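Chemist: Data file target_33.csv (CSV, C-alpha atoms) is appended below.
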chain,number,residue,atom,x,y,z
A,1,MET,CA,0.1,-25.7,10.4
A,2,LYS,CA,2.1,-27.1,7.5
A,3,MET,CA,0.9,-27.8,4.0
A,4,SER,CA,2.1,-30.6,1.6
A,5,THR,CA,5.5,-30.8,0.0
A,6,VAL,CA,4.3,-29.6,-3.4
A,7,VAL,CA,2.8,-26.4,-1.9
A,8,ARG,CA,5.9,-25.8,0.2
A,9,SER,CA,8.4,-26.1,-2.6
A,10,THR,CA,6.3,-24.1,-5.0
A,11,THR,CA,5.9,-21.2,-2.6
A,12,LYS,CA,9.6,-21.4,-1.9
A,13,MET,CA,10.4,-21.0,-5.6
A,14,ILE,CA,7.8,-18.4,-6.3
A,15,SER,CA,8.2,-15.9,-3.5
A,16,PRO,CA,11.7,-14.6,-4.5
A,17,PHE,CA,10.3,-13.8,-7.9
A,18,LEU,CA,7.4,-12.0,-6.3
A,19,VAL,CA,9.9,-9.8,-4.4
A,20,THR,CA,11.7,-9.1,-7.6
A,21,TYR,CA,8.4,-8.2,-9.3
A,22,ALA,CA,7.4,-6.0,-6.5
A,23,ALA,CA,10.8,-4.1,-6.7
A,24,TYR,CA,10.3,-3.7,-10.4
A,25,ILE,CA,6.8,-2.3,-10.0
A,26,MET,CA,8.0,0.1,-7.3
A,27,LEU,CA,11.1,1.3,-9.1
A,28,TYR,CA,9.4,1.7,-12.5
A,29,GLY,CA,6.1,3.0,-11.2
A,30,HIS,CA,6.6,6.4,-12.9
A,31,LEU,CA,7.3,4.9,-16.3
A,32,SER,CA,5.0,1.9,-16.7
A,33,PRO,CA,1.8,0.8,-15.0
A,34,GLY,CA,2.3,0.3,-11.3
A,35,GLY,CA,3.2,2.3,-8.3
A,36,GLY,CA,3.9,2.2,-4.6
A,37,PHE,CA,0.7,0.7,-3.4
A,38,GLN,CA,0.6,-2.2,-5.9
A,39,GLY,CA,4.2,-3.1,-5.4
A,40,GLY,CA,3.8,-3.0,-1.6
A,41,VAL,CA,0.8,-5.4,-1.8
A,42,ILE,CA,2.8,-7.9,-3.9
A,43,LEU,CA,5.7,-7.5,-1.4
A,44,ALA,CA,3.4,-8.5,1.4
A,45,VAL,CA,1.9,-11.4,-0.6
A,46,ALA,CA,5.4,-12.9,-0.9
A,47,VAL,CA,5.7,-13.2,2.9
A,48,ILE,CA,2.0,-14.2,3.4
A,49,LEU,CA,2.4,-17.1,0.9
A,50,LEU,CA,5.3,-18.4,2.9
A,51,ILE,CA,3.4,-18.0,6.2
A,52,THR,CA,0.3,-19.9,4.9
A,53,SER,CA,2.4,-22.7,3.5
A,54,HIS,CA,5.1,-23.1,6.1
A,55,GLY,CA,3.3,-22.0,9.3
A,56,TYR,CA,3.8,-18.9,11.4
A,57,LYS,CA,6.4,-20.5,13.8
A,58,LYS,CA,8.9,-21.2,11.1
A,59,VAL,CA,8.6,-18.0,9.1
A,60,ARG,CA,8.9,-16.0,12.3
A,61,LYS,CA,12.5,-17.0,12.7
A,62,ARG,CA,13.6,-15.3,9.4
A,63,PHE,CA,11.1,-12.5,9.0
A,64,LYS,CA,11.0,-11.0,12.5
A,65,PHE,CA,7.9,-9.4,13.9
A,66,ASN,CA,9.9,-6.4,15.1
A,67,TRP,CA,11.4,-5.8,11.6
A,68,ALA,CA,8.0,-5.4,10.1
A,69,SER,CA,7.1,-2.9,12.8
A,70,LEU,CA,10.4,-1.1,12.3
A,71,ILE,CA,10.1,-0.9,8.5
A,72,GLU,CA,6.5,0.2,8.7
A,73,SER,CA,7.1,3.1,11.2
A,74,SER,CA,10.3,4.3,9.7
A,75,ALA,CA,8.8,4.3,6.2
A,76,GLY,CA,5.9,6.4,7.5
A,77,ALA,CA,8.3,8.8,9.1
A,78,MET,CA,10.4,9.1,5.9
A,79,LEU,CA,7.3,9.8,3.9
A,80,VAL,CA,6.6,12.8,6.1
A,81,LEU,CA,10.3,13.8,6.1
A,82,LEU,CA,10.2,13.7,2.3
A,83,GLY,CA,7.4,16.2,2.3
A,84,ILE,CA,9.1,18.4,4.9
A,85,ALA,CA,12.3,18.4,2.8
A,86,GLY,CA,10.3,20.0,0.0
A,87,ILE,CA,9.5,23.0,2.2
A,88,ALA,CA,13.2,24.1,1.8
A,89,PHE,CA,12.5,24.3,-2.0
A,90,GLY,CA,9.2,26.2,-1.8
A,91,ALA,CA,6.3,24.0,-0.8
A,92,PHE,CA,5.2,20.8,1.0
A,93,TYR,CA,6.1,17.9,-1.4
A,94,SER,CA,7.8,20.3,-3.8
A,95,ASN,CA,9.5,18.3,-6.6
A,96,PHE,CA,13.1,19.2,-6.0
A,97,LEU,CA,15.1,16.4,-7.6
A,98,PRO,CA,16.4,17.1,-11.1
A,99,THR,CA,15.9,13.5,-12.4
A,100,GLU,CA,12.9,12.3,-14.5
A,101,GLY,CA,9.9,12.4,-12.3
A,102,GLY,CA,11.8,13.9,-9.4
A,103,ILE,CA,10.6,12.7,-6.0
A,104,ILE,CA,8.1,10.3,-7.5
A,105,LEU,CA,10.6,7.4,-7.6
A,106,PRO,CA,11.6,7.7,-3.9
A,107,PHE,CA,8.0,8.4,-3.0
A,108,ASN,CA,6.8,5.2,-4.7
A,109,VAL,CA,9.5,3.1,-3.0
A,110,ILE,CA,8.7,4.5,0.4
A,111,VAL,CA,5.0,4.0,0.0
A,112,GLY,CA,5.6,0.4,-1.2
A,113,LEU,CA,7.7,-0.4,1.8
A,114,GLU,CA,5.1,1.1,4.1
A,115,VAL,CA,2.2,-0.8,2.5
A,116,GLY,CA,4.1,-4.1,2.4
A,117,ALA,CA,5.3,-3.9,6.0
A,118,ALA,CA,1.8,-2.8,7.1
A,119,PHE,CA,0.0,-5.8,5.5
A,120,THR,CA,2.6,-8.2,6.8
A,121,PHE,CA,2.3,-6.7,10.3
A,122,VAL,CA,-1.5,-7.0,10.3
A,123,PHE,CA,-1.2,-10.6,9.1
A,124,TYR,CA,1.3,-11.4,11.8
A,125,ILE,CA,-0.9,-9.9,14.5
A,126,LEU,CA,-4.0,-11.7,13.4
A,127,LEU,CA,-2.1,-15.0,13.2
A,128,ARG,CA,-0.6,-14.5,16.6
A,129,TRP,CA,-4.1,-13.8,18.0
A,130,VAL,CA,-5.5,-16.9,16.4
A,131,GLU,CA,-2.7,-19.2,17.5
A,132,SER,CA,-2.5,-17.7,21.0
A,133,ASP,CA,-5.4,-19.7,22.5
B,1,MET,CA,-36.1,-8.6,10.5
B,2,ARG,CA,-35.2,-10.2,7.1
B,3,ILE,CA,-37.9,-8.1,5.4
B,4,ILE,CA,-36.4,-4.9,6.8
B,5,ALA,CA,-32.9,-5.9,5.7
B,6,LEU,CA,-34.3,-6.7,2.2
B,7,LEU,CA,-36.1,-3.3,2.0
B,8,LEU,CA,-32.9,-1.5,3.1
B,9,THR,CA,-30.9,-3.3,0.5
B,10,PHE,CA,-33.4,-2.5,-2.3
B,11,ALA,CA,-33.6,1.2,-1.1
B,12,LEU,CA,-29.8,1.5,-1.3
B,13,GLY,CA,-29.8,-0.1,-4.7
B,14,ALA,CA,-32.4,2.2,-6.0
B,15,PHE,CA,-30.6,5.2,-4.5
B,16,LEU,CA,-27.3,4.2,-6.2
B,17,LEU,CA,-29.0,3.6,-9.5
B,18,GLY,CA,-30.7,7.0,-9.3
B,19,LEU,CA,-27.5,8.9,-9.0
B,20,ASN,CA,-26.2,11.0,-11.9
B,21,TYR,CA,-23.3,9.2,-13.5
B,22,SER,CA,-22.6,11.5,-16.5
B,23,PRO,CA,-19.1,13.0,-16.4
B,24,SER,CA,-18.8,16.6,-15.3
B,25,TYR,CA,-17.3,19.0,-17.9
B,26,GLY,CA,-14.4,21.2,-17.0
B,27,GLY,CA,-13.1,20.4,-13.5
B,28,SER,CA,-9.8,18.9,-12.7
B,29,TYR,CA,-9.8,16.2,-15.5
B,30,ALA,CA,-9.2,18.7,-18.3
B,31,TYR,CA,-6.4,20.4,-16.3
B,32,TYR,CA,-4.6,17.1,-15.7
B,33,VAL,CA,-4.7,16.1,-19.4
B,34,ALA,CA,-3.7,19.6,-20.6
B,35,ASN,CA,-0.8,20.0,-18.2
B,36,TRP,CA,0.6,16.5,-18.4
B,37,GLY,CA,4.0,17.7,-19.4
B,38,GLU,CA,4.5,19.7,-16.2
B,39,ILE,CA,5.5,16.6,-14.2
B,40,GLY,CA,7.5,15.1,-17.0
B,41,ILE,CA,6.7,11.3,-16.7
B,42,PRO,CA,4.8,9.1,-19.2
B,43,ASN,CA,2.5,7.5,-16.6
B,44,LEU,CA,-0.5,9.8,-15.9
B,45,VAL,CA,-1.8,7.9,-12.9
B,46,SER,CA,1.5,8.1,-11.1
B,47,ALA,CA,1.8,11.8,-12.1
B,48,ILE,CA,-1.6,12.5,-10.5
B,49,LEU,CA,-1.1,10.3,-7.4
B,50,ALA,CA,2.5,11.1,-6.6
B,51,GLY,CA,2.9,14.4,-8.3
B,52,TRP,CA,-0.1,16.7,-8.0
B,53,ARG,CA,-1.8,14.8,-5.2
B,54,ALA,CA,1.1,13.6,-3.1
B,55,TYR,CA,-0.6,15.0,-0.1
B,56,ASP,CA,-3.6,12.7,-0.7
B,57,SER,CA,-1.2,9.8,-0.9
B,58,LEU,CA,0.3,10.8,2.4
B,59,GLY,CA,-3.2,10.7,3.9
B,60,GLU,CA,-3.7,7.3,2.4
B,61,ALA,CA,-0.5,6.0,4.0
B,62,SER,CA,-1.4,7.6,7.3
B,63,LEU,CA,-4.8,5.9,7.1
B,64,LEU,CA,-3.0,2.5,6.8
B,65,PHE,CA,-0.7,3.4,9.6
B,66,THR,CA,-3.6,4.2,11.8
B,67,ALA,CA,-5.2,0.9,11.0
B,68,VAL,CA,-2.0,-0.9,11.9
B,69,ILE,CA,-1.8,1.0,15.2
B,70,GLY,CA,-5.4,0.0,15.9
B,71,PHE,CA,-4.7,-3.7,15.2
B,72,TYR,CA,-1.6,-3.6,17.4
B,73,LEU,CA,-3.5,-1.9,20.3
B,74,LEU,CA,-6.5,-4.2,20.1
B,75,LEU,CA,-5.0,-7.6,19.4
B,76,GLY,CA,-1.2,-7.5,19.7
B,77,GLY,CA,-0.9,-6.7,23.4
B,78,LYS,CA,1.0,-9.4,25.1
B,79,LYS,CA,2.6,-12.5,23.7
B,80,LYS,CA,1.4,-15.8,25.1
Take the structure from the file and write it as structure tokens.
Modeler:
Amino acid sequence: MKMSTVVRSTTKMISPFLVTYAAYIMLYGHLSPGGGFQGGVILAVAVILLITSHGYKKVRKRFKFNWASLIESSAGAMLVLLGIAGIAFGAFYSNFLPTEGGIILPFNVIVGLEVGAAFTFVFYILLRWVESD
Amino acid sequence: MRIIALLLTFALGAFLLGLNYSPSYGGSYAYYVANWGEIGIPNLVSAILAGWRAYDSLGEASLLFTAVIGFYLLLGGKKK
């Protein structure tokens, strides 16, 4: 499952910029339009573009299936731990950091990692299911 | 069969059109706009989603997590 040379080189050039854009949207989500969910979806699209143009078998060597699973589950656990850490300062998800916005920046980044890894994981599973028979 | 589906679609459309879409006064909207400075960031959407309603966002993330677990249990069993 491999597309033409034009599509392959274009996606190779575009997907690093997509990752940078996703990082920008996640890190500046509290100052400008954006946020965790949107950044995570763009992060997943960067991998999905590579999969659709290069084929699952080639992308699987670099972006491992187990990494997506590990990032997804550890980001979910960190999200709960961030809320539990707020209990020490008064309440669940209490805003304890003194910076601008407090815990909103790490919250956005963790949600973005979780969403991006989840969509990539779902896409991997569906592709593996389709190509298995 | 097709007529029943058509009737159901029109009934749903009529139901949705008949709902009351005028904005409610008071409520949480006025509170969010009035106490914007409490969170201290210029983006109101992020202030609501990750500040006041972080617990809702946690539920959203756990919903996605549950969906991924369902996918893995149903389709990702053994590698062939």
Chemist: Kindly give the distance, in Å, that separates atom CA of A:Ile25 and atom CA of A:Arg8, rounded to a single decimal.
Modeler: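 Computing it gives 25.6 Å between the two atoms.
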Chemist: Let me have the centre and edge lengths of the axis-aligned box enclosing all listed atoms of stretch 10-22 of chain B with 8 Å padding on every side, in Å to one decimal, as JSON.
Modeler:
{"center_x": -28.1, "center_y": 4.5, "center_z": -8.8, "size_x": 27.0, "size_y": 30.0, "size_z": 31.4}
Chemist: Please identify all residues of chain A having at least one atom at most 6 Å from any atom of chain B, considering only C-alpha atoms, and return them as a VMD selection string.
Modeler: chain A and resid 30 to 31 101 104 125 132
Chemist: Have a look at B:Leu19, B:Leu63, B:Ile48, B:Leu7 and name the one nearest to B:Val33; count all atoms listed in the file.
Modeler: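 Comparing B:Leu19, B:Leu63, B:Ile48, B:Leu7 against B:Val33, the winner is B:Ile48.
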Chemist: What does the structure give for the distance between atom CA of A:Pro16 and atom CA of A:Ala46, in Å to one decimal?
Modeler: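 A separation of 7.5 Å between them.
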Chemist: Kindly give the distance, in Å, that separates atom CA of A:Val130 and atom CA of A:Gly116, rounded to a single decimal.
Modeler: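 Computed distance, atom CA of A:Val130 to atom CA of A:Gly116, equals 21.3 Å.
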Chemist: Could you please give me, as a compact mmCIF listing (two decimals) with C-alpha atoms, keeping the file's coordinate frame, the residues of protein, DNA or RNA lying at most 9 Å from (8.3, 8.8, -6.1) in the coordinate frame of the file, considering only C-alpha atoms?
Modeler:
# COMPACT_ATOMS: atom_id res chain seq x y z
CA MET A 26 8.00 0.10 -7.30
CA LEU A 27 11.10 1.30 -9.10
CA GLY A 29 6.10 3.00 -11.20
CA HIS A 30 6.60 6.40 -12.90
CA GLY A 35 3.20 2.30 -8.30
CA GLY A 36 3.90 2.20 -4.60
CA GLY A 101 9.90 12.40 -12.30
CA GLY A 102 11.80 13.90 -9.40
CA ILE A 103 10.60 12.70 -6.00
CA ILE A 104 8.10 10.30 -7.50
CA LEU A 105 10.60 7.40 -7.60
CA PRO A 106 11.60 7.70 -3.90
CA PHE A 107 8.00 8.40 -3.00
CA ASN A 108 6.80 5.20 -4.70
CA VAL A 109 9.50 3.10 -3.00
CA ILE A 110 8.70 4.50 0.40
CA VAL A 111 5.00 4.00 0.00
CA SER B 46 1.50 8.10 -11.10
CA ALA B 50 2.50 11.10 -6.60
CA GLY B 51 2.90 14.40 -8.30
Chemist: N, CA and C atoms are what I want for stretch 37-70 of chain B; can you complete it accordingly and write them as an mmCIF file, keeping the file's coordinate frame?
Modeler:
data_model
loop_
_atom_site.group_PDB
_atom_site.id
_atom_site.type_symbol
_atom_site.label_atom_id
_atom_site.label_comp_id
_atom_site.auth_asym_id
_atom_site.auth_seq_id
_atom_site.Cartn_x
_atom_site.Cartn_y
_atom_site.Cartn_z
ATOM 1 N N GLY B 37 2.606 17.492 -19.303
ATOM 2 C CA GLY B 37 4.000 17.700 -19.400
ATOM 3 C C GLY B 37 4.709 18.350 -18.266
ATOM 4 N N GLU B 38 3.914 18.927 -17.378
ATOM 5 C CA GLU B 38 4.500 19.700 -16.200
ATOM 6 C C GLU B 38 5.271 18.763 -15.314
ATOM 7 N N ILE B 39 4.773 17.534 -15.095
ATOM 8 C CA ILE B 39 5.500 16.600 -14.200
ATOM 9 C C ILE B 39 6.607 15.924 -14.951
ATOM 10 N N GLY B 40 6.395 15.596 -16.218
ATOM 11 C CA GLY B 40 7.500 15.100 -17.000
ATOM 12 C C GLY B 40 7.650 13.558 -16.965
ATOM 13 N N ILE B 41 6.597 12.788 -16.647
ATOM 14 C CA ILE B 41 6.700 11.300 -16.700
ATOM 15 C C ILE B 41 5.560 10.811 -17.562
ATOM 16 N N PRO B 42 5.790 9.639 -18.219
ATOM 17 C CA PRO B 42 4.800 9.100 -19.200
ATOM 18 C C PRO B 42 3.554 8.504 -18.506
ATOM 19 N N ASN B 43 3.581 8.207 -17.217
ATOM 20 C CA ASN B 43 2.500 7.500 -16.600
ATOM 21 C C ASN B 43 1.563 8.550 -15.888
ATOM 22 N N LEU B 44 0.364 8.750 -16.447
ATOM 23 C CA LEU B 44 -0.500 9.800 -15.900
ATOM 24 C C LEU B 44 -1.018 9.504 -14.542
ATOM 25 N N VAL B 45 -1.305 8.213 -14.270
ATOM 26 C CA VAL B 45 -1.800 7.900 -12.900
ATOM 27 C C VAL B 45 -0.820 8.164 -11.855
ATOM 28 N N SER B 46 0.441 7.790 -12.110
ATOM 29 C CA SER B 46 1.500 8.100 -11.100
ATOM 30 C C SER B 46 1.694 9.598 -11.027
ATOM 31 N N ALA B 47 1.570 10.302 -12.161
ATOM 32 C CA ALA B 47 1.800 11.800 -12.100
ATOM 33 C C ALA B 47 0.696 12.409 -11.250
ATOM 34 N N ILE B 48 -0.553 11.894 -11.307
ATOM 35 C CA ILE B 48 -1.600 12.500 -10.500
ATOM 36 C C ILE B 48 -1.397 12.070 -9.020
ATOM 37 N N LEU B 49 -1.154 10.753 -8.772
ATOM 38 C CA LEU B 49 -1.100 10.300 -7.400
ATOM 39 C C LEU B 49 0.083 10.752 -6.628
ATOM 40 N N ALA B 50 1.262 10.735 -7.278
ATOM 41 C CA ALA B 50 2.500 11.100 -6.600
ATOM 42 C C ALA B 50 2.979 12.487 -6.906
ATOM 43 N N GLY B 51 2.428 13.097 -7.951
ATOM 44 C CA GLY B 51 2.900 14.400 -8.300
ATOM 45 C C GLY B 51 1.949 15.507 -7.786
ATOM 46 N N TRP B 52 0.778 15.645 -8.414
ATOM 47 C CA TRP B 52 -0.100 16.700 -8.000
ATOM 48 C C TRP B 52 -0.781 16.392 -6.635
ATOM 49 N N ARG B 53 -1.071 15.098 -6.420
ATOM 50 C CA ARG B 53 -1.800 14.800 -5.200
ATOM 51 C C ARG B 53 -0.999 13.939 -4.239
ATOM 52 N N ALA B 54 0.275 14.288 -4.055
ATOM 53 C CA ALA B 54 1.100 13.600 -3.100
ATOM 54 C C ALA B 54 0.589 13.701 -1.699
ATOM 55 N N TYR B 55 -0.057 14.826 -1.443
ATOM 56 C CA TYR B 55 -0.600 15.000 -0.100
ATOM 57 C C TYR B 55 -1.733 14.057 0.189
ATOM 58 N N ASP B 56 -2.547 13.750 -0.833
ATOM 59 C CA ASP B 56 -3.600 12.700 -0.700
ATOM 60 C C ASP B 56 -2.986 11.369 -0.414
ATOM 61 N N SER B 57 -1.881 11.062 -1.139
ATOM 62 C CA SER B 57 -1.200 9.800 -0.900
ATOM 63 C C SER B 57 -0.663 9.673 0.473
ATOM 64 N N LEU B 58 -0.189 10.807 0.996
ATOM 65 C CA LEU B 58 0.300 10.800 2.400
ATOM 66 C C LEU B 58 -0.857 10.488 3.336
ATOM 67 N N GLY B 59 -2.037 11.041 3.056
ATOM 68 C CA GLY B 59 -3.200 10.700 3.900
ATOM 69 C C GLY B 59 -3.572 9.263 3.812
ATOM 70 N N GLU B 60 -3.451 8.691 2.592
ATOM 71 C CA GLU B 60 -3.700 7.300 2.400
ATOM 72 C C GLU B 60 -2.786 6.417 3.243
ATOM 73 N N ALA B 61 -1.493 6.774 3.196
ATOM 74 C CA ALA B 61 -0.500 6.000 4.000
ATOM 75 C C ALA B 61 -0.731 6.160 5.449
ATOM 76 N N SER B 62 -1.124 7.364 5.883
ATOM 77 C CA SER B 62 -1.400 7.600 7.300
ATOM 78 C C SER B 62 -2.613 6.823 7.762
ATOM 79 N N LEU B 63 -3.583 6.659 6.836
ATOM 80 C CA LEU B 63 -4.800 5.900 7.100
ATOM 81 C C LEU B 63 -4.386 4.414 7.433
ATOM 82 N N LEU B 64 -3.503 3.873 6.568
ATOM 83 C CA LEU B 64 -3.000 2.500 6.800
ATOM 84 C C LEU B 64 -2.246 2.391 8.084
ATOM 85 N N PHE B 65 -1.451 3.398 8.349
ATOM 86 C CA PHE B 65 -0.700 3.400 9.600
ATOM 87 C C PHE B 65 -1.574 3.414 10.801
ATOM 88 N N THR B 66 -2.669 4.211 10.739
ATOM 89 C CA THR B 66 -3.600 4.200 11.800
ATOM 90 C C THR B 66 -4.300 2.885 12.017
ATOM 91 N N ALA B 67 -4.617 2.222 10.881
ATOM 92 C CA ALA B 67 -5.200 0.900 11.000
ATOM 93 C C ALA B 67 -4.301 -0.097 11.643
ATOM 94 N N VAL B 68 -2.997 -0.014 11.294
ATOM 95 C CA VAL B 68 -2.000 -0.900 11.900
ATOM 96 C C VAL B 68 -1.893 -0.655 13.389
ATOM 97 N N ILE B 69 -1.898 0.627 13.771
ATOM 98 C CA ILE B 69 -1.800 1.000 15.200
ATOM 99 C C ILE B 69 -3.027 0.416 15.945
ATOM 100 N N GLY B 70 -4.211 0.503 15.310
ATOM 101 C CA GLY B 70 -5.400 0.000 15.900
ATOM 102 C C GLY B 70 -5.333 -1.535 16.118
#
